[in-house]
file protein34.csv (CSV, N, CA and C atoms)
chain,number,residue,atom,x,y,z
U,166,MET,N,2.5,50.7,4.3
U,166,MET,CA,2.8,49.3,4.7
U,166,MET,C,2.6,49.1,6.2
U,167,ALA,N,1.9,48.1,6.6
U,167,ALA,CA,1.7,47.8,8.0
U,167,ALA,C,3.0,47.4,8.7
U,168,ALA,N,3.1,47.8,10.0
U,168,ALA,CA,4.3,47.4,10.7
U,168,ALA,C,4.4,45.9,10.8
U,169,TRP,N,5.6,45.4,10.8
U,169,TRP,CA,5.8,43.9,10.9
U,169,TRP,C,5.5,43.5,12.3
U,170,ARG,N,5.0,42.3,12.4
U,170,ARG,CA,4.7,41.7,13.7
U,170,ARG,C,5.2,40.3,13.8
U,171,ALA,N,5.7,39.9,14.9
U,171,ALA,CA,6.1,38.5,15.1
U,171,ALA,C,4.9,37.6,15.3
U,172,ARG,N,4.7,36.7,14.3
U,172,ARG,CA,3.5,35.8,14.4
U,172,ARG,C,3.8,34.6,13.6
U,173,GLU,N,3.1,33.5,13.9
U,173,GLU,CA,3.3,32.2,13.3
U,173,GLU,C,3.4,32.3,11.8
U,174,GLY,N,4.4,31.7,11.2
U,174,GLY,CA,4.6,31.6,9.8
U,174,GLY,C,5.4,32.7,9.2
U,175,GLU,N,5.6,33.8,10.0
U,175,GLU,CA,6.5,34.9,9.5
U,175,GLU,C,7.9,34.4,9.4
U,176,THR,N,8.7,34.9,8.5
U,176,THR,CA,10.1,34.6,8.4
U,176,THR,C,11.0,35.8,8.4
U,177,LEU,N,12.2,35.6,8.9
U,177,LEU,CA,13.2,36.7,9.0
U,177,LEU,C,14.5,36.2,8.5
U,178,LEU,N,15.2,37.1,7.8
U,178,LEU,CA,16.6,36.9,7.5
U,178,LEU,C,17.4,37.5,8.6
U,179,MET,N,18.2,36.7,9.2
U,179,MET,CA,19.0,37.1,10.3
U,179,MET,C,20.5,36.9,10.0
U,180,PRO,N,21.4,37.9,10.4
U,180,PRO,CA,22.8,37.7,10.1
U,180,PRO,C,23.4,36.5,10.8
U,181,SER,N,24.3,35.8,10.0
U,181,SER,CA,24.9,34.6,10.6
U,181,SER,C,26.4,34.6,10.2
U,182,GLY,N,27.1,35.6,10.7
U,182,GLY,CA,28.5,35.7,10.6
U,182,GLY,C,28.9,35.7,9.1
U,183,VAL,N,30.0,35.0,8.8
U,183,VAL,CA,30.6,35.0,7.4
U,183,VAL,C,29.7,34.3,6.4
U,184,HIS,N,28.7,33.5,6.9
U,184,HIS,CA,27.9,32.7,6.1
U,184,HIS,C,26.7,33.5,5.5
U,185,GLY,N,26.6,34.8,5.8
U,185,GLY,CA,25.5,35.6,5.3
U,185,GLY,C,24.3,35.4,6.2
U,186,ASP,N,23.1,35.6,5.6
U,186,ASP,CA,21.9,35.5,6.4
U,186,ASP,C,21.3,34.1,6.3
U,187,HIS,N,20.7,33.7,7.5
U,187,HIS,CA,19.9,32.5,7.5
U,187,HIS,C,18.4,32.9,7.6
U,188,LEU,N,17.6,32.0,7.1
U,188,LEU,CA,16.2,32.2,7.2
U,188,LEU,C,15.7,31.6,8.5
U,189,PHE,N,15.0,32.4,9.3
U,189,PHE,CA,14.4,31.9,10.6
U,189,PHE,C,12.9,31.9,10.4
U,190,ILE,N,12.2,30.9,10.9
U,190,ILE,CA,10.8,30.8,10.8
U,190,ILE,C,10.2,30.8,12.2
U,191,ILE,N,9.2,31.7,12.3
U,191,ILE,CA,8.5,31.8,13.6
U,191,ILE,C,7.4,30.8,13.7
U,192,LEU,N,7.3,30.0,14.8
U,192,LEU,CA,6.4,28.9,14.9
U,192,LEU,C,5.2,29.2,15.7
U,193,ASN,N,5.0,30.3,16.3
U,193,ASN,CA,3.8,30.6,17.0
U,193,ASN,C,3.5,32.1,17.1
U,194,ASP,N,2.3,32.5,17.3
U,194,ASP,CA,2.0,33.9,17.6
U,194,ASP,C,2.6,34.2,18.9
U,195,SER,N,3.0,35.5,19.1
U,195,SER,CA,3.6,35.9,20.4
U,195,SER,C,2.7,35.5,21.6
U,196,LYS,N,3.2,34.9,22.6
U,196,LYS,CA,2.5,34.6,23.8
U,196,LYS,C,3.4,34.4,24.9
U,197,LYS,N,2.9,34.6,26.1
U,197,LYS,CA,3.7,34.4,27.3
U,197,LYS,C,3.9,33.0,27.6
U,198,PHE,N,5.2,32.6,27.9
U,198,PHE,CA,5.5,31.3,28.3
U,198,PHE,C,6.0,31.3,29.8
U,199,SER,N,5.5,30.4,30.6
U,199,SER,CA,5.9,30.3,32.0
U,199,SER,C,7.4,30.1,32.1
U,200,GLY,N,8.0,31.0,32.9
U,200,GLY,CA,9.5,30.9,33.1
U,200,GLY,C,10.3,31.7,32.2
U,201,TYR,N,9.6,32.5,31.3
U,201,TYR,CA,10.3,33.3,30.3
U,201,TYR,C,10.0,34.8,30.4
U,202,GLY,N,9.6,35.2,31.6
U,202,GLY,CA,9.4,36.6,31.9
U,202,GLY,C,8.0,37.1,31.4
U,203,PRO,N,7.8,38.4,31.6
U,203,PRO,CA,6.5,39.0,31.4
U,203,PRO,C,6.1,39.2,29.9
U,204,ASN,N,7.1,39.2,29.0
U,204,ASN,CA,6.8,39.6,27.6
U,204,ASN,C,6.4,38.4,26.8
U,205,PRO,N,5.5,38.6,25.9
U,205,PRO,CA,5.1,37.5,24.9
U,205,PRO,C,6.3,37.2,24.1
U,206,CYS,N,6.5,35.9,23.8
U,206,CYS,CA,7.6,35.4,23.1
U,206,CYS,C,7.2,34.5,21.9
U,207,VAL,N,8.2,34.2,21.0
U,207,VAL,CA,8.0,33.3,19.9
U,207,VAL,C,9.1,32.3,19.9
U,208,VAL,N,8.9,31.2,19.3
U,208,VAL,CA,9.9,30.2,19.0
U,208,VAL,C,10.3,30.3,17.6
U,209,LEU,N,11.6,30.3,17.3
U,209,LEU,CA,12.2,30.3,16.0
U,209,LEU,C,13.1,29.2,15.7
U,210,VAL,N,13.1,28.7,14.5
U,210,VAL,CA,14.0,27.7,14.0
U,210,VAL,C,14.6,28.2,12.7
U,211,ASN,N,15.8,27.7,12.3
U,211,ASN,CA,16.4,28.2,11.1
U,211,ASN,C,16.6,26.9,10.2
U,212,LEU,N,16.9,27.2,8.9
U,212,LEU,CA,17.1,26.2,7.9
U,212,LEU,C,18.6,26.2,7.6
U,213,SER,N,19.0,25.0,7.1
U,213,SER,CA,20.4,24.8,6.6
U,213,SER,C,20.3,23.9,5.4
U,214,THR,N,21.1,24.2,4.4
U,214,THR,CA,21.1,23.4,3.2
U,214,THR,C,21.6,22.0,3.4
U,215,VAL,N,20.9,21.0,2.8
U,215,VAL,CA,21.4,19.6,2.9
U,215,VAL,C,22.6,19.5,2.0
U,216,ARG,N,23.7,18.9,2.6
U,216,ARG,CA,24.9,18.7,1.8
U,216,ARG,C,25.2,17.2,1.9
U,217,GLN,N,25.4,16.6,0.7
U,217,GLN,CA,25.6,15.1,0.6
U,217,GLN,C,26.7,14.6,1.5
U,218,ASP,N,27.7,15.4,1.7
U,218,ASP,CA,28.9,14.9,2.5
U,218,ASP,C,28.8,15.2,4.0
U,219,THR,N,27.6,15.7,4.4
U,219,THR,CA,27.5,16.1,5.8
U,219,THR,C,26.2,15.5,6.4
U,220,ARG,N,26.3,15.0,7.7
U,220,ARG,CA,25.2,14.4,8.3
U,220,ARG,C,24.3,15.6,8.8
U,221,TYR,N,23.0,15.3,8.8
U,221,TYR,CA,22.0,16.3,9.1
U,221,TYR,C,20.8,15.7,9.8
U,222,ASP,N,20.0,16.5,10.4
U,222,ASP,CA,18.7,16.0,11.0
U,222,ASP,C,17.7,15.9,9.9
U,223,ALA,N,17.2,14.7,9.6
U,223,ALA,CA,16.3,14.5,8.5
U,223,ALA,C,14.8,14.5,9.0
U,224,THR,N,14.6,15.0,10.2
U,224,THR,CA,13.2,15.0,10.7
U,224,THR,C,12.3,15.8,9.8
U,225,CYS,N,12.7,17.0,9.3
U,225,CYS,CA,11.9,17.8,8.5
U,225,CYS,C,12.8,18.4,7.4
U,226,VAL,N,12.7,17.9,6.2
U,226,VAL,CA,13.5,18.4,5.1
U,226,VAL,C,12.5,19.2,4.1
U,227,LEU,N,12.9,20.4,3.8
U,227,LEU,CA,12.1,21.2,2.9
U,227,LEU,C,12.7,21.1,1.5
U,228,GLN,N,11.8,20.9,0.5
U,228,GLN,CA,12.2,20.7,-0.9
U,228,GLN,C,12.6,22.1,-1.5
U,229,ALA,N,13.6,22.1,-2.3
U,229,ALA,CA,13.9,23.3,-3.1
U,229,ALA,C,12.7,23.9,-3.7
U,230,GLY,N,12.5,25.2,-3.6
U,230,GLY,CA,11.4,25.9,-4.2
U,230,GLY,C,10.2,26.0,-3.4
U,231,CYS,N,10.1,25.4,-2.2
U,231,CYS,CA,8.9,25.4,-1.4
U,231,CYS,C,8.7,26.8,-0.8
U,232,HIS,N,9.7,27.6,-0.8
U,232,HIS,CA,9.7,29.0,-0.4
U,232,HIS,C,10.7,29.7,-1.2
U,233,SER,N,10.6,31.0,-1.5
U,233,SER,CA,11.5,31.7,-2.4
U,233,SER,C,12.9,31.7,-1.9
U,234,PHE,N,13.2,31.6,-0.6
U,234,PHE,CA,14.5,31.6,-0.1
U,234,PHE,C,15.2,30.2,-0.2
U,235,VAL,N,14.4,29.1,-0.3
U,235,VAL,CA,14.9,27.8,-0.3
U,235,VAL,C,15.3,27.4,-1.7
U,236,LYS,N,16.6,27.5,-2.0
U,236,LYS,CA,17.1,27.2,-3.3
U,236,LYS,C,17.5,25.8,-3.5
U,237,GLY,N,17.8,25.1,-2.4
U,237,GLY,CA,18.2,23.7,-2.5
U,237,GLY,C,17.5,23.0,-1.3
U,238,ASP,N,17.4,21.7,-1.3
U,238,ASP,CA,16.8,21.0,-0.2
U,238,ASP,C,17.5,21.4,1.1
U,239,SER,N,16.6,21.7,2.1
U,239,SER,CA,17.1,22.3,3.3
U,239,SER,C,16.4,21.6,4.5
U,240,TYR,N,17.2,21.5,5.6
U,240,TYR,CA,16.6,20.8,6.8
U,240,TYR,C,16.4,21.9,7.9
U,241,VAL,N,15.5,21.6,8.8
U,241,VAL,CA,15.3,22.4,9.9
U,241,VAL,C,16.3,22.1,11.0
U,242,VAL,N,17.0,23.1,11.5
U,242,VAL,CA,18.0,22.9,12.5
U,242,VAL,C,17.4,23.0,13.9
U,243,TYR,N,16.7,21.9,14.3
U,243,TYR,CA,16.0,21.9,15.6
U,243,TYR,C,17.0,22.1,16.8
U,244,ARG,N,18.2,21.7,16.7
U,244,ARG,CA,19.1,21.8,17.8
U,244,ARG,C,19.4,23.3,18.1
U,245,SER,N,19.1,24.2,17.2
U,245,SER,CA,19.3,25.6,17.4
U,245,SER,C,18.1,26.4,17.6
U,246,ALA,N,17.0,25.7,17.9
U,246,ALA,CA,15.7,26.4,18.2
U,246,ALA,C,16.0,27.5,19.3
U,247,ARG,N,15.3,28.6,19.1
U,247,ARG,CA,15.4,29.7,20.1
U,247,ARG,C,14.1,30.3,20.4
U,248,ILE,N,14.1,31.0,21.6
U,248,ILE,CA,12.9,31.8,22.0
U,248,ILE,C,13.3,33.2,22.1
U,249,GLU,N,12.5,34.1,21.6
U,249,GLU,CA,12.8,35.5,21.6
U,249,GLU,C,11.5,36.3,21.9
U,250,SER,N,11.7,37.4,22.5
U,250,SER,CA,10.5,38.3,22.8
U,250,SER,C,10.1,38.9,21.4
U,251,GLY,N,8.8,38.8,21.2
U,251,GLY,CA,8.2,39.4,19.9
U,251,GLY,C,8.6,40.9,19.8
U,252,MET,N,8.5,41.6,20.9
U,252,MET,CA,8.9,43.0,20.9
U,252,MET,C,10.3,43.3,20.5
U,253,HIS,N,11.2,42.4,21.0
U,253,HIS,CA,12.6,42.5,20.7
U,253,HIS,C,12.9,42.3,19.2
U,254,LEU,N,12.2,41.3,18.6
U,254,LEU,CA,12.3,41.0,17.2
U,254,LEU,C,11.8,42.2,16.4
U,255,GLN,N,10.7,42.8,16.8
U,255,GLN,CA,10.1,43.9,16.1
U,255,GLN,C,11.1,45.1,16.1
U,256,ARG,N,11.7,45.4,17.2
U,256,ARG,CA,12.7,46.5,17.3
U,256,ARG,C,13.9,46.2,16.3
U,257,LEU,N,14.3,45.0,16.3
U,257,LEU,CA,15.5,44.7,15.4
U,257,LEU,C,15.0,44.8,13.9
U,258,VAL,N,13.8,44.5,13.6
U,258,VAL,CA,13.3,44.7,12.2
U,258,VAL,C,13.2,46.2,11.9
U,259,GLN,N,12.7,46.9,12.9
U,259,GLN,CA,12.6,48.4,12.7
U,259,GLN,C,14.0,49.0,12.5
U,260,GLN,N,15.0,48.5,13.1
U,260,GLN,CA,16.4,49.0,13.0
U,260,GLN,C,17.1,48.5,11.8
U,261,GLY,N,16.5,47.5,11.1
U,261,GLY,CA,17.1,47.0,9.9
U,261,GLY,C,18.1,45.9,10.1
U,262,VAL,N,18.2,45.4,11.3
U,262,VAL,CA,19.2,44.3,11.6
U,262,VAL,C,18.6,43.0,11.1
U,263,PHE,N,17.3,42.7,11.3
U,263,PHE,CA,16.7,41.6,10.8
U,263,PHE,C,15.8,42.0,9.6
U,264,LYS,N,15.7,41.2,8.6
U,264,LYS,CA,14.9,41.6,7.4
U,264,LYS,C,13.7,40.6,7.2
U,265,PRO,N,12.5,41.1,7.3
U,265,PRO,CA,11.3,40.2,7.0
U,265,PRO,C,11.4,39.7,5.6
U,266,HIS,N,11.0,38.4,5.5
U,266,HIS,CA,10.9,37.8,4.2
U,266,HIS,C,9.5,37.3,4.0
U,267,GLU,N,9.2,36.7,2.9
U,267,GLU,CA,7.8,36.2,2.7
U,267,GLU,C,7.5,35.1,3.7
U,268,PRO,N,6.2,35.1,4.1
U,268,PRO,CA,5.8,34.0,5.1
U,268,PRO,C,6.0,32.6,4.5
U,269,MET,N,6.2,31.7,5.5
U,269,MET,CA,6.3,30.3,5.1
U,269,MET,C,4.8,29.7,5.0
U,270,PRO,N,4.5,28.9,4.0
U,270,PRO,CA,3.2,28.4,3.8
U,270,PRO,C,2.8,27.6,5.1
U,271,ALA,N,1.5,27.8,5.5
U,271,ALA,CA,1.0,27.2,6.7
U,271,ALA,C,1.2,25.7,6.8
U,272,ALA,N,1.0,25.0,5.8
U,272,ALA,CA,1.2,23.5,5.8
U,272,ALA,C,2.6,23.2,6.2
U,273,ILE,N,3.6,23.9,5.7
U,273,ILE,CA,5.0,23.7,6.0
U,273,ILE,C,5.3,24.0,7.5
U,274,VAL,N,4.7,25.1,8.0
U,274,VAL,CA,4.9,25.5,9.4
U,274,VAL,C,4.3,24.4,10.3
U,275,THR,N,3.2,23.8,9.9
U,275,THR,CA,2.6,22.7,10.7
U,275,THR,C,3.6,21.5,10.7
U,276,ASN,N,4.2,21.2,9.6
U,276,ASN,CA,5.2,20.1,9.6
U,276,ASN,C,6.4,20.4,10.4
U,277,ILE,N,6.8,21.7,10.4
U,277,ILE,CA,8.0,22.1,11.2
U,277,ILE,C,7.7,22.0,12.6
U,278,LYS,N,6.5,22.4,13.0
U,278,LYS,CA,6.1,22.3,14.4
U,278,LYS,C,6.0,20.9,14.9
U,279,ALA,N,5.5,20.0,14.1
U,279,ALA,CA,5.5,18.6,14.5
U,279,ALA,C,6.9,18.0,14.6
U,280,GLY,N,7.8,18.5,13.8
U,280,GLY,CA,9.2,18.0,13.8
U,280,GLY,C,9.9,18.5,15.1
U,281,LEU,N,9.5,19.7,15.6
U,281,LEU,CA,10.1,20.2,16.8
U,281,LEU,C,9.9,19.2,18.0
U,282,LYS,N,8.7,18.6,18.0
U,282,LYS,CA,8.4,17.6,19.1
U,282,LYS,C,9.1,16.3,18.8
U,283,ALA,N,9.3,15.9,17.5
U,283,ALA,CA,9.7,14.6,17.1
U,283,ALA,C,11.3,14.5,17.0
U,284,SER,N,11.9,15.6,16.7
U,284,SER,CA,13.4,15.5,16.4
U,284,SER,C,14.2,15.1,17.6
U,285,PRO,N,15.1,14.2,17.4
U,285,PRO,CA,16.0,13.8,18.6
U,285,PRO,C,17.0,14.9,18.9
U,286,PHE,N,17.0,16.0,18.1
U,286,PHE,CA,18.0,17.1,18.4
U,286,PHE,C,17.3,18.2,19.1
U,287,THR,N,16.0,18.2,19.2
U,287,THR,CA,15.3,19.3,19.9
U,287,THR,C,15.5,19.1,21.4
U,288,THR,N,15.9,20.1,22.1
U,288,THR,CA,16.1,20.0,23.6
U,288,THR,C,14.7,19.8,24.3
U,289,ARG,N,14.8,19.2,25.4
U,289,ARG,CA,13.5,19.0,26.2
U,289,ARG,C,12.8,20.3,26.5
U,290,GLU,N,13.5,21.4,26.7
U,290,GLU,CA,12.9,22.7,26.9
U,290,GLU,C,12.0,23.1,25.8
U,291,PHE,N,12.3,22.9,24.6
U,291,PHE,CA,11.5,23.2,23.4
U,291,PHE,C,10.4,22.2,23.2
U,292,LYS,N,10.7,20.9,23.5
U,292,LYS,CA,9.7,19.9,23.3
U,292,LYS,C,8.5,20.1,24.2
U,293,GLN,N,8.7,20.8,25.3
U,293,GLN,CA,7.7,21.0,26.3
U,293,GLN,C,6.9,22.3,26.2
U,294,LEU,N,7.4,23.2,25.3
U,294,LEU,CA,6.7,24.5,25.2
U,294,LEU,C,5.4,24.3,24.5
U,295,PRO,N,4.3,24.9,25.0
U,295,PRO,CA,3.0,24.8,24.4
U,295,PRO,C,2.8,25.8,23.2
U,296,ILE,N,3.3,25.4,22.0
U,296,ILE,CA,3.2,26.3,20.9
U,296,ILE,C,2.1,25.8,19.9

call {"tool": "encode", "arguments": {"input": "protein34.csv", "output": "structure tokens"}}
result
Amino acid sequence: MAAWRAREGETLLMPSGVHGDHLFIILNDSKKFSGYGPNPCVVLVNLSTVRQDTRYDATCVLQAGCHSFVKGDSYVVYRSARIESGMHLQRLVQQGVFKPHEPMPAAIVTNIKAGLKASPFTTREFKQLPI
């Protein structure tokens, strides 16, 4: 099996405290971003289940079944977008801290990326990144 690489569309299960693992989606191939040091980085966003009694960001809602991890309608949590070194993610995968999951379909990644720019919850920092 080939070594896992941080690239657009890849997904990772990352520990999230008592709530178990959350699915994070990588939105770009590793690249250098001005102001983020010498190492190539990726932008990640995670998903959260839509709950009828809780307000949520409706910018990008994924339908149940669009990915094997998405069991119920889920929204992209743009307010929690993060940037990480691709090499750092690869090390954590090798150590078993993060677990690769099946890639997200390209059309969905395209919609998620558009939502990153459109969501009122995305910080200016992430809206300005050239991904």

call {"tool": "closest_atom_pairs", "arguments": {"input": "protein34.csv", "of": "range 246-268 of chain U", "to": "range 209-218 of chain U", "cutoff": "6 Å", "atoms": "all atoms listed in the file", "output": "JSON lines"}}
result
{"residue": "U:Ala246", "atom": "CA", "partner": "U:Leu209", "partner_atom": "C", "distance": 4.6}
{"residue": "U:Arg247", "atom": "C", "partner": "U:Leu209", "partner_atom": "N", "distance": 4.0}
{"residue": "U:Ile248", "atom": "N", "partner": "U:Leu209", "partner_atom": "N", "distance": 5.0}
{"residue": "U:Glu249", "atom": "N", "partner": "U:Leu209", "partner_atom": "N", "distance": 5.8}

call {"tool": "closest_residue", "arguments": {"input": "protein34.csv", "among": "U:Leu254, U:Met179, U:Val226, U:Ala171", "to": "Asn193 in chain U", "atoms": "only N, CA and C atoms"}}
result
U:Ala171

call {"tool": "closest_residue", "arguments": {"input": "protein34.csv", "among": "U:Glu290, U:Asp186, U:Gly237, U:Met269", "to": "Gly174 in chain U", "atoms": "only N, CA and C atoms"}}
result
U:Met269

call {"tool": "select_by_dssp", "arguments": {"input": "protein34.csv", "residues": "chain U", "states": "alpha helix (DSSP H)", "output": "number ranges by chain"}}
result
U: 251-259, 271-283, 289-292

call {"tool": "write_last_selection", "arguments": {"input": "protein34.csv", "atoms": "N, CA and C atoms", "output": "mmCIF file, in the coordinates of the input"}}
result
data_model
loop_
_atom_site.group_PDB
_atom_site.id
_atom_site.type_symbol
_atom_site.label_atom_id
_atom_site.label_comp_id
_atom_site.auth_asym_id
_atom_site.auth_seq_id
_atom_site.Cartn_x
_atom_site.Cartn_y
_atom_site.Cartn_z
ATOM 1 N N GLY U 251 8.800 38.800 21.200
ATOM 2 C CA GLY U 251 8.200 39.400 19.900
ATOM 3 C C GLY U 251 8.600 40.900 19.800
ATOM 4 N N MET U 252 8.500 41.600 20.900
ATOM 5 C CA MET U 252 8.900 43.000 20.900
ATOM 6 C C MET U 252 10.300 43.300 20.500
ATOM 7 N N HIS U 253 11.200 42.400 21.000
ATOM 8 C CA HIS U 253 12.600 42.500 20.700
ATOM 9 C C HIS U 253 12.900 42.300 19.200
ATOM 10 N N LEU U 254 12.200 41.300 18.600
ATOM 11 C CA LEU U 254 12.300 41.000 17.200
ATOM 12 C C LEU U 254 11.800 42.200 16.400
ATOM 13 N N GLN U 255 10.700 42.800 16.800
ATOM 14 C CA GLN U 255 10.100 43.900 16.100
ATOM 15 C C GLN U 255 11.100 45.100 16.100
ATOM 16 N N ARG U 256 11.700 45.400 17.200
ATOM 17 C CA ARG U 256 12.700 46.500 17.300
ATOM 18 C C ARG U 256 13.900 46.200 16.300
ATOM 19 N N LEU U 257 14.300 45.000 16.300
ATOM 20 C CA LEU U 257 15.500 44.700 15.400
ATOM 21 C C LEU U 257 15.000 44.800 13.900
ATOM 22 N N VAL U 258 13.800 44.500 13.600
ATOM 23 C CA VAL U 258 13.300 44.700 12.200
ATOM 24 C C VAL U 258 13.200 46.200 11.900
ATOM 25 N N GLN U 259 12.700 46.900 12.900
ATOM 26 C CA GLN U 259 12.600 48.400 12.700
ATOM 27 C C GLN U 259 14.000 49.000 12.500
ATOM 28 N N ALA U 271 1.500 27.800 5.500
ATOM 29 C CA ALA U 271 1.000 27.200 6.700
ATOM 30 C C ALA U 271 1.200 25.700 6.800
ATOM 31 N N ALA U 272 1.000 25.000 5.800
ATOM 32 C CA ALA U 272 1.200 23.500 5.800
ATOM 33 C C ALA U 272 2.600 23.200 6.200
ATOM 34 N N ILE U 273 3.600 23.900 5.700
ATOM 35 C CA ILE U 273 5.000 23.700 6.000
ATOM 36 C C ILE U 273 5.300 24.000 7.500
ATOM 37 N N VAL U 274 4.700 25.100 8.000
ATOM 38 C CA VAL U 274 4.900 25.500 9.400
ATOM 39 C C VAL U 274 4.300 24.400 10.300
ATOM 40 N N THR U 275 3.200 23.800 9.900
ATOM 41 C CA THR U 275 2.600 22.700 10.700
ATOM 42 C C THR U 275 3.600 21.500 10.700
ATOM 43 N N ASN U 276 4.200 21.200 9.600
ATOM 44 C CA ASN U 276 5.200 20.100 9.600
ATOM 45 C C ASN U 276 6.400 20.400 10.400
ATOM 46 N N ILE U 277 6.800 21.700 10.400
ATOM 47 C CA ILE U 277 8.000 22.100 11.200
ATOM 48 C C ILE U 277 7.700 22.000 12.600
ATOM 49 N N LYS U 278 6.500 22.400 13.000
ATOM 50 C CA LYS U 278 6.100 22.300 14.400
ATOM 51 C C LYS U 278 6.000 20.900 14.900
ATOM 52 N N ALA U 279 5.500 20.000 14.100
ATOM 53 C CA ALA U 279 5.500 18.600 14.500
ATOM 54 C C ALA U 279 6.900 18.000 14.600
ATOM 55 N N GLY U 280 7.800 18.500 13.800
ATOM 56 C CA GLY U 280 9.200 18.000 13.800
ATOM 57 C C GLY U 280 9.900 18.500 15.100
ATOM 58 N N LEU U 281 9.500 19.700 15.600
ATOM 59 C CA LEU U 281 10.100 20.200 16.800
ATOM 60 C C LEU U 281 9.900 19.200 18.000
ATOM 61 N N LYS U 282 8.700 18.600 18.000
ATOM 62 C CA LYS U 282 8.400 17.600 19.100
ATOM 63 C C LYS U 282 9.100 16.300 18.800
ATOM 64 N N ALA U 283 9.300 15.900 17.500
ATOM 65 C CA ALA U 283 9.700 14.600 17.100
ATOM 66 C C ALA U 283 11.300 14.500 17.000
ATOM 67 N N ARG U 289 14.800 19.200 25.400
ATOM 68 C CA ARG U 289 13.500 19.000 26.200
ATOM 69 C C ARG U 289 12.800 20.300 26.500
ATOM 70 N N GLU U 290 13.500 21.400 26.700
ATOM 71 C CA GLU U 290 12.900 22.700 26.900
ATOM 72 C C GLU U 290 12.000 23.100 25.800
ATOM 73 N N PHE U 291 12.300 22.900 24.600
ATOM 74 C CA PHE U 291 11.500 23.200 23.400
ATOM 75 C C PHE U 291 10.400 22.200 23.200
ATOM 76 N N LYS U 292 10.700 20.900 23.500
ATOM 77 C CA LYS U 292 9.700 19.900 23.300
ATOM 78 C C LYS U 292 8.500 20.100 24.200
#

call {"tool": "closest_residue", "arguments": {"input": "protein34.csv", "among": "U:Thr275, U:Phe198, U:Val262, U:Cys231", "to": "Pro295 in chain U", "atoms": "all atoms listed in the file"}}
result
U:Phe198

call {"tool": "atom_distance", "arguments": {"input": "protein34.csv", "atom1": "CA of Cys225 in chain U", "atom2": "CA of Tyr240 in chain U"}}
result
5.8 Å

call {"tool": "closest_residue", "arguments": {"input": "protein34.csv", "among": "U:Thr224, U:Thr219, U:Ser199, U:Ser181", "to": "Ile277 in chain U", "atoms": "only C-alpha atoms"}}
result
U:Thr224

call {"tool": "atom_distance", "arguments": {"input": "protein34.csv", "atom1": "CA of Thr288 in chain U", "atom2": "atom C of Ile190 in chain U"}}
result
16.8 Å

call {"tool": "atom_distance", "arguments": {"input": "protein34.csv", "atom1": "atom N of Gly251 in chain U", "atom2": "atom N of Val207 in chain U"}}
result
4.6 Å

call {"tool": "select_by_dssp", "arguments": {"input": "protein34.csv", "residues": "range 182-287 of chain U", "states": "strand (DSSP E or B)", "output": "VMD selection string"}}
result
chain U and resid 186 to 191 196 206 to 214 226 to 227 239 to 241 247 to 250 264 to 266

call {"tool": "decode", "arguments": {"input": "protein34.csv", "residues": "range 235-260 of chain U", "atoms": "C-alpha atoms", "output": "PDB file, in the first residue's frame"}}
result
ATOM      1  CA  VAL U 235     -21.822  10.766   6.564  1.00  0.00           C
ATOM      2  CA  LYS U 236     -24.721   8.888   8.172  1.00  0.00           C
ATOM      3  CA  GLY U 237     -27.003  11.891   8.611  1.00  0.00           C
ATOM      4  CA  ASP U 238     -27.232  15.305   6.972  1.00  0.00           C
ATOM      5  CA  SER U 239     -24.077  17.190   7.985  1.00  0.00           C
ATOM      6  CA  TYR U 240     -22.789  20.719   7.622  1.00  0.00           C
ATOM      7  CA  VAL U 241     -19.279  22.003   7.050  1.00  0.00           C
ATOM      8  CA  VAL U 242     -17.943  23.769  10.145  1.00  0.00           C
ATOM      9  CA  TYR U 243     -16.206  26.659   8.388  1.00  0.00           C
ATOM     10  CA  ARG U 244     -15.598  28.562  11.628  1.00  0.00           C
ATOM     11  CA  SER U 245     -13.195  25.746  12.610  1.00  0.00           C
ATOM     12  CA  ALA U 246     -11.183  25.682   9.377  1.00  0.00           C
ATOM     13  CA  ARG U 247      -7.522  25.011  10.038  1.00  0.00           C
ATOM     14  CA  ILE U 248      -4.215  24.975   8.248  1.00  0.00           C
ATOM     15  CA  GLU U 249      -1.657  22.246   8.872  1.00  0.00           C
ATOM     16  CA  SER U 250       1.664  21.192   7.464  1.00  0.00           C
ATOM     17  CA  GLY U 251       1.196  18.260   5.104  1.00  0.00           C
ATOM     18  CA  MET U 252       4.287  16.601   6.607  1.00  0.00           C
ATOM     19  CA  HIS U 253       2.852  16.982  10.122  1.00  0.00           C
ATOM     20  CA  LEU U 254      -0.369  15.259   9.058  1.00  0.00           C
ATOM     21  CA  GLN U 255       1.609  12.459   7.381  1.00  0.00           C
ATOM     22  CA  ARG U 256       3.571  11.863  10.609  1.00  0.00           C
ATOM     23  CA  LEU U 257       0.383  11.671  12.663  1.00  0.00           C
ATOM     24  CA  VAL U 258      -1.109   9.217  10.162  1.00  0.00           C
ATOM     25  CA  GLN U 259       2.043   7.073  10.361  1.00  0.00           C
ATOM     26  CA  GLN U 260       1.805   7.156  14.173  1.00  0.00           C
TER      27      GLN U 260
END
